[in-house]
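Structure file my_file_35.cif; described as mmCIF, C-alpha atoms.
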```
data_entry
loop_
_atom_site.label_atom_id
_atom_site.label_comp_id
_atom_site.auth_asym_id
_atom_site.auth_seq_id
_atom_site.Cartn_x
_atom_site.Cartn_y
_atom_site.Cartn_z
CA MET Y 1 0.00 0.00 0.00
CA SER Y 2 1.43 3.39 -0.96
CA GLN Y 3 1.87 6.20 1.49
CA PRO Y 4 -0.02 9.49 1.16
CA ASP Y 5 1.89 12.11 -0.84
CA GLU Y 6 2.66 14.14 2.26
CA GLU Y 7 4.51 11.21 3.83
CA ARG Y 8 6.54 10.38 0.71
CA ARG Y 9 7.75 13.93 0.09
CA GLN Y 10 11.31 14.64 1.08
CA SER Y 11 10.94 18.42 1.20
CA PRO Y 12 8.11 20.77 2.10
CA ARG Y 13 5.88 22.14 -0.66
CA ILE Y 14 4.44 25.61 -0.74
CA GLU Y 15 1.32 26.64 -2.58
CA LYS Y 16 2.55 29.37 -4.89
CA VAL Y 17 1.63 30.39 -8.42
CA ASN Y 18 4.61 30.78 -10.72
CA LEU Y 19 4.59 30.90 -14.52
CA VAL Y 20 6.20 27.90 -16.22
CA GLN Y 21 7.12 27.11 -19.79
CA ILE Y 22 7.37 23.35 -20.35
CA SER Y 23 8.91 21.46 -23.26
CA ARG Y 24 8.47 17.72 -23.71
CA PHE Y 25 11.04 15.67 -25.61
CA ASP Y 26 10.63 12.43 -27.54
CA GLU Y 27 12.84 9.32 -27.19
CA ASP Y 28 15.36 10.76 -29.68
CA GLY Y 29 15.71 14.01 -27.75
CA PHE Y 30 13.69 16.18 -30.14
CA ARG Y 31 11.17 18.63 -28.72
CA ALA Y 32 7.72 17.07 -29.14
CA ASP Y 33 5.63 19.95 -27.79
CA MET Y 34 5.72 23.09 -25.69
CA ALA Y 35 3.17 24.81 -23.43
CA THR Y 36 2.82 27.44 -20.73
CA GLY Y 37 1.23 26.71 -17.37
CA ARG Y 38 1.35 27.67 -13.74
CA THR Y 39 2.59 26.00 -10.61
CA LEU Y 40 0.09 24.96 -7.97
CA ASN Y 41 2.84 24.12 -5.51
CA ILE Y 42 6.59 23.89 -5.58
CA SER Y 43 9.37 22.34 -3.51
CA GLU Y 44 13.07 21.69 -3.76
CA GLY Y 45 12.35 18.32 -5.37
CA GLY Y 46 9.50 19.05 -7.77
CA LEU Y 47 6.35 20.91 -8.57
CA ARG Y 48 2.69 20.46 -9.35
CA LEU Y 49 1.80 22.12 -12.64
CA GLU Y 50 -1.55 23.09 -14.17
CA LEU Y 51 -1.73 22.95 -17.99
CA HIS Y 52 -4.36 23.01 -20.69
CA HIS Y 53 -3.22 19.70 -22.19
CA ALA Y 54 -1.79 16.48 -20.82
CA VAL Y 55 1.82 15.38 -21.02
CA PRO Y 56 2.33 11.60 -20.88
CA LEU Y 57 3.59 9.99 -17.68
CA ARG Y 58 7.35 9.41 -17.50
CA SER Y 59 7.97 12.07 -20.17
CA LYS Y 60 11.25 13.95 -19.89
CA VAL Y 61 10.61 17.67 -19.70
CA LYS Y 62 12.50 20.93 -19.52
CA LEU Y 63 10.96 23.76 -17.55
CA SER Y 64 11.62 27.48 -17.39
CA VAL Y 65 10.23 28.62 -14.04
CA VAL Y 66 9.91 32.17 -12.72
CA ILE Y 67 11.21 32.20 -9.14
CA ASP Y 68 11.19 35.63 -7.53
CA ASP Y 69 13.17 37.88 -9.91
CA GLY Y 70 14.83 35.09 -11.90
CA ILE Y 71 14.02 32.51 -14.54
CA TYR Y 72 15.45 29.06 -13.87
CA ASP Y 73 15.83 26.24 -16.37
CA LEU Y 74 15.06 22.85 -14.82
CA GLN Y 75 14.85 19.26 -16.03
CA GLY Y 76 12.52 16.62 -14.76
CA LYS Y 77 10.08 13.86 -15.49
CA VAL Y 78 6.31 13.59 -15.24
CA VAL Y 79 5.48 11.34 -12.29
CA TYR Y 80 1.81 12.19 -11.80
CA LEU Y 81 -1.09 13.10 -14.11
CA GLU Y 82 -4.64 14.12 -13.16
CA SER Y 83 -7.52 15.57 -15.16
CA LEU Y 84 -8.96 18.63 -13.41
CA ASP Y 85 -11.84 19.23 -15.82
CA ASP Y 86 -12.58 19.10 -19.57
CA VAL Y 87 -9.84 21.64 -20.32
CA ARG Y 88 -7.21 21.52 -17.58
CA CYS Y 89 -4.90 18.85 -16.20
CA CYS Y 90 -2.40 18.65 -13.39
CA LEU Y 91 1.11 17.22 -13.69
CA GLY Y 92 3.51 16.23 -10.96
CA ILE Y 93 7.09 16.92 -12.06
CA GLU Y 94 10.08 15.46 -10.23
CA PHE Y 95 13.24 17.52 -10.77
CA GLU Y 96 16.39 15.81 -12.05
CA ASP Y 97 20.01 16.96 -12.12
CA LEU Y 98 19.58 20.36 -10.45
CA ASP Y 99 22.69 22.49 -10.35
CA ASP Y 100 23.76 24.02 -7.03
CA ARG Y 101 22.59 27.55 -7.96
CA THR Y 102 19.09 26.36 -8.84
CA ARG Y 103 18.81 24.08 -5.80
CA GLN Y 104 19.82 26.99 -3.54
CA ALA Y 105 17.29 29.34 -5.21
CA LEU Y 106 14.52 26.76 -4.70
CA ARG Y 107 15.56 26.19 -1.08
CA GLU Y 108 15.48 29.94 -0.35
CA PHE Y 109 12.18 30.42 -2.21
CA VAL Y 110 10.47 27.64 -0.24
CA ALA Y 111 11.90 28.90 3.07
CA GLU Y 112 10.80 32.48 2.34
CA HIS Y 113 7.27 31.64 1.21
CA GLY Y 114 6.58 28.56 3.33
#
```

Can the structure from this file be put into structure tokens for me?
Amino acid sequence: MSQPDEERRQSPRIEKVNLVQISRFDEDGFRADMATGRTLNISEGGLRLELHHAVPLRSKVKLSVVIDDGIYDLQGKVVYLESLDDVRCCLGIEFEDLDDRTRQALREFVAEHG
């Protein structure tokens, strides 16, 4: 039996709206599609993103996220997908290979707004 999300998370999440541009890549590394959405929550390890179209589970994605006064480029994979209504969906993105600068910015952002 799986644990509730709150118990599996390794870092706290804050409910904060940030603009995000997301690009999905195919198996050969070519960009398959691109969209703009907004975060519903964000943490050091990932984010929950609202979009107007679904992105398949386990897709590799690149994100450009507005955090305070900066734009950060992140990589991750889709680990969760939920339909919110006929138009919107929610994605859970787990970050991968964060550099130290980006990890520190996320840590400070979560601490400041949490």

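CA of Glu94 in chain Y sits 6.8 Å away from CA of Leu47 in chain Y.
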
Checklist entry - Could you write out as a list in words the residues that the PyMOL selection byres ((chain Y and resi 107) around 12) matches in the shown file? => result Ser11, Pro12, Arg13, Ile14, Ile42, Ser43, Glu44, Gly45, Gly46, Ile67, Leu98, Asp100, Arg101, Thr102, Arg103, Gln104, Ala105, Leu106, Glu108, Phe109, Val110, Ala111, Glu112, His113 and Gly114 of chain Y

Next on the checklist: Once the PyMOL selection byres ((chain Y and resi 64) around 6) has been evaluated on this model, what residues remain selected, and can you format them as JSON, numbers by chain?
Outcome noted: {"Y": [20, 21, 63, 65, 72, 73]}

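CA of Asp28 in chain Y to CA of Arg88 in chain Y spans 27.8 Å [interatomic distance, one decimal].
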
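Nearest to Pro56 in chain Y of all the residues Y:Gly29, Y:Gly70, Y:Gly37, Y:Gly92 is Y:Gly92, based on all atoms listed in the file.
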
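Among the candidates Y:Glu15, Y:Asp97, Y:Arg58, Y:Arg31, the one nearest to Leu74 in chain Y when counting only C-alpha atoms is Y:Asp97.
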
Item to check | Close residues, Lys77 in chain Y itself excluded, 7 Å, only C-alpha atoms, min 6 positions apart in chain, as a PyMOL selection string | outcome: chain Y and resi 58-61+93-95

Checklist entry - When distances are computed from all atoms listed in the file, which of Y:Val78, Y:Leu84, Y:Ile22, Y:Leu49 shows the smallest separation from Glu96 in chain Y? => result Y:Val78

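Of the listed residues Y:Asp86, Y:Ala32, Y:Asp26, Y:Val79, the one whose atoms come nearest to His52 in chain Y is Y:Asp86, with distances taken using only C-alpha atoms.
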
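Take the candidates Y:Val66, Y:Leu57, Y:Val87, Y:Leu81 and check each one against Arg24 in chain Y using only C-alpha atoms; the shortest distance goes to Y:Leu57.
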
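In this structure, CA of Arg38 in chain Y sits 14.3 Å away from CA of Lys62 in chain Y.
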
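Distance check against Gln75 in chain Y using only C-alpha atoms: of Y:Asn18, Y:Ser23, Y:Asn41, Y:Thr36, the minimum falls on Y:Ser23.
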
Next on the checklist: as a PyMOL selection string, please: the residues near Ala54 in chain Y (cut-off 9 Å, only C-alpha atoms, same-chain neighbours under 5 positions excluded).
Outcome noted: chain Y and resi 81-83+88-91

Reconstruct N, CA and C atoms of range 37-61 of chain Y from the incomplete input and present them as an mmCIF file, in the coordinates of the input.
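The result, written out as rebuild-v8.cif:
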```
data_model
loop_
_atom_site.group_PDB
_atom_site.id
_atom_site.type_symbol
_atom_site.label_atom_id
_atom_site.label_comp_id
_atom_site.auth_asym_id
_atom_site.auth_seq_id
_atom_site.Cartn_x
_atom_site.Cartn_y
_atom_site.Cartn_z
ATOM 1 N N GLY Y 37 2.162 27.032 -18.451
ATOM 2 C CA GLY Y 37 1.230 26.710 -17.370
ATOM 3 C C GLY Y 37 1.591 27.495 -16.136
ATOM 4 N N ARG Y 38 1.052 27.026 -15.005
ATOM 5 C CA ARG Y 38 1.350 27.670 -13.740
ATOM 6 C C ARG Y 38 1.530 26.624 -12.662
ATOM 7 N N THR Y 39 2.397 26.926 -11.715
ATOM 8 C CA THR Y 39 2.590 26.000 -10.610
ATOM 9 C C THR Y 39 1.408 26.105 -9.654
ATOM 10 N N LEU Y 40 1.059 24.977 -9.056
ATOM 11 C CA LEU Y 40 0.090 24.960 -7.970
ATOM 12 C C LEU Y 40 0.815 24.843 -6.637
ATOM 13 N N ASN Y 41 1.934 24.130 -6.653
ATOM 14 C CA ASN Y 41 2.840 24.120 -5.510
ATOM 15 C C ASN Y 41 4.228 23.780 -6.012
ATOM 16 N N ILE Y 42 5.208 24.076 -5.183
ATOM 17 C CA ILE Y 42 6.590 23.890 -5.580
ATOM 18 C C ILE Y 42 7.421 23.531 -4.356
ATOM 19 N N SER Y 43 8.449 22.714 -4.584
ATOM 20 C CA SER Y 43 9.370 22.340 -3.510
ATOM 21 C C SER Y 43 10.767 22.249 -4.116
ATOM 22 N N GLU Y 44 11.700 21.881 -3.288
ATOM 23 C CA GLU Y 44 13.070 21.690 -3.760
ATOM 24 C C GLU Y 44 13.177 20.494 -4.707
ATOM 25 N N GLY Y 45 12.256 19.538 -4.584
ATOM 26 C CA GLY Y 45 12.350 18.320 -5.370
ATOM 27 C C GLY Y 45 11.413 18.221 -6.558
ATOM 28 N N GLY Y 46 10.436 19.140 -6.657
ATOM 29 C CA GLY Y 46 9.500 19.050 -7.770
ATOM 30 C C GLY Y 46 8.416 20.091 -7.673
ATOM 31 N N LEU Y 47 7.457 19.971 -8.575
ATOM 32 C CA LEU Y 47 6.350 20.910 -8.570
ATOM 33 C C LEU Y 47 5.091 20.252 -9.121
ATOM 34 N N ARG Y 48 3.977 20.862 -8.807
ATOM 35 C CA ARG Y 48 2.690 20.460 -9.350
ATOM 36 C C ARG Y 48 2.281 21.566 -10.313
ATOM 37 N N LEU Y 49 1.982 21.181 -11.540
ATOM 38 C CA LEU Y 49 1.800 22.120 -12.640
ATOM 39 C C LEU Y 49 0.418 21.968 -13.254
ATOM 40 N N GLU Y 50 -0.262 23.086 -13.484
ATOM 41 C CA GLU Y 50 -1.550 23.090 -14.170
ATOM 42 C C GLU Y 50 -1.329 23.506 -15.624
ATOM 43 N N LEU Y 51 -1.847 22.696 -16.548
ATOM 44 C CA LEU Y 51 -1.730 22.950 -17.990
ATOM 45 C C LEU Y 51 -3.081 22.773 -18.658
ATOM 46 N N HIS Y 52 -3.148 23.196 -19.915
ATOM 47 C CA HIS Y 52 -4.360 23.010 -20.690
ATOM 48 C C HIS Y 52 -4.289 21.794 -21.611
ATOM 49 N N HIS Y 53 -3.254 20.993 -21.493
ATOM 50 C CA HIS Y 53 -3.220 19.700 -22.190
ATOM 51 C C HIS Y 53 -2.288 18.761 -21.429
ATOM 52 N N ALA Y 54 -2.555 17.492 -21.558
ATOM 53 C CA ALA Y 54 -1.790 16.480 -20.820
ATOM 54 C C ALA Y 54 -0.433 16.241 -21.439
ATOM 55 N N VAL Y 55 0.494 15.837 -20.608
ATOM 56 C CA VAL Y 55 1.820 15.380 -21.020
ATOM 57 C C VAL Y 55 1.935 13.957 -20.486
ATOM 58 N N PRO Y 56 2.316 13.000 -21.327
ATOM 59 C CA PRO Y 56 2.330 11.600 -20.880
ATOM 60 C C PRO Y 56 3.221 11.351 -19.661
ATOM 61 N N LEU Y 57 2.783 10.412 -18.828
ATOM 62 C CA LEU Y 57 3.590 9.990 -17.680
ATOM 63 C C LEU Y 57 4.981 9.550 -18.132
ATOM 64 N N ARG Y 58 5.949 9.779 -17.295
ATOM 65 C CA ARG Y 58 7.350 9.410 -17.500
ATOM 66 C C ARG Y 58 8.031 10.212 -18.611
ATOM 67 N N SER Y 59 7.344 11.219 -19.158
ATOM 68 C CA SER Y 59 7.970 12.070 -20.170
ATOM 69 C C SER Y 59 9.094 12.875 -19.549
ATOM 70 N N LYS Y 60 10.168 13.050 -20.286
ATOM 71 C CA LYS Y 60 11.250 13.950 -19.890
ATOM 72 C C LYS Y 60 10.854 15.347 -20.323
ATOM 73 N N VAL Y 61 11.017 16.303 -19.412
ATOM 74 C CA VAL Y 61 10.610 17.670 -19.700
ATOM 75 C C VAL Y 61 11.703 18.647 -19.285
#
```
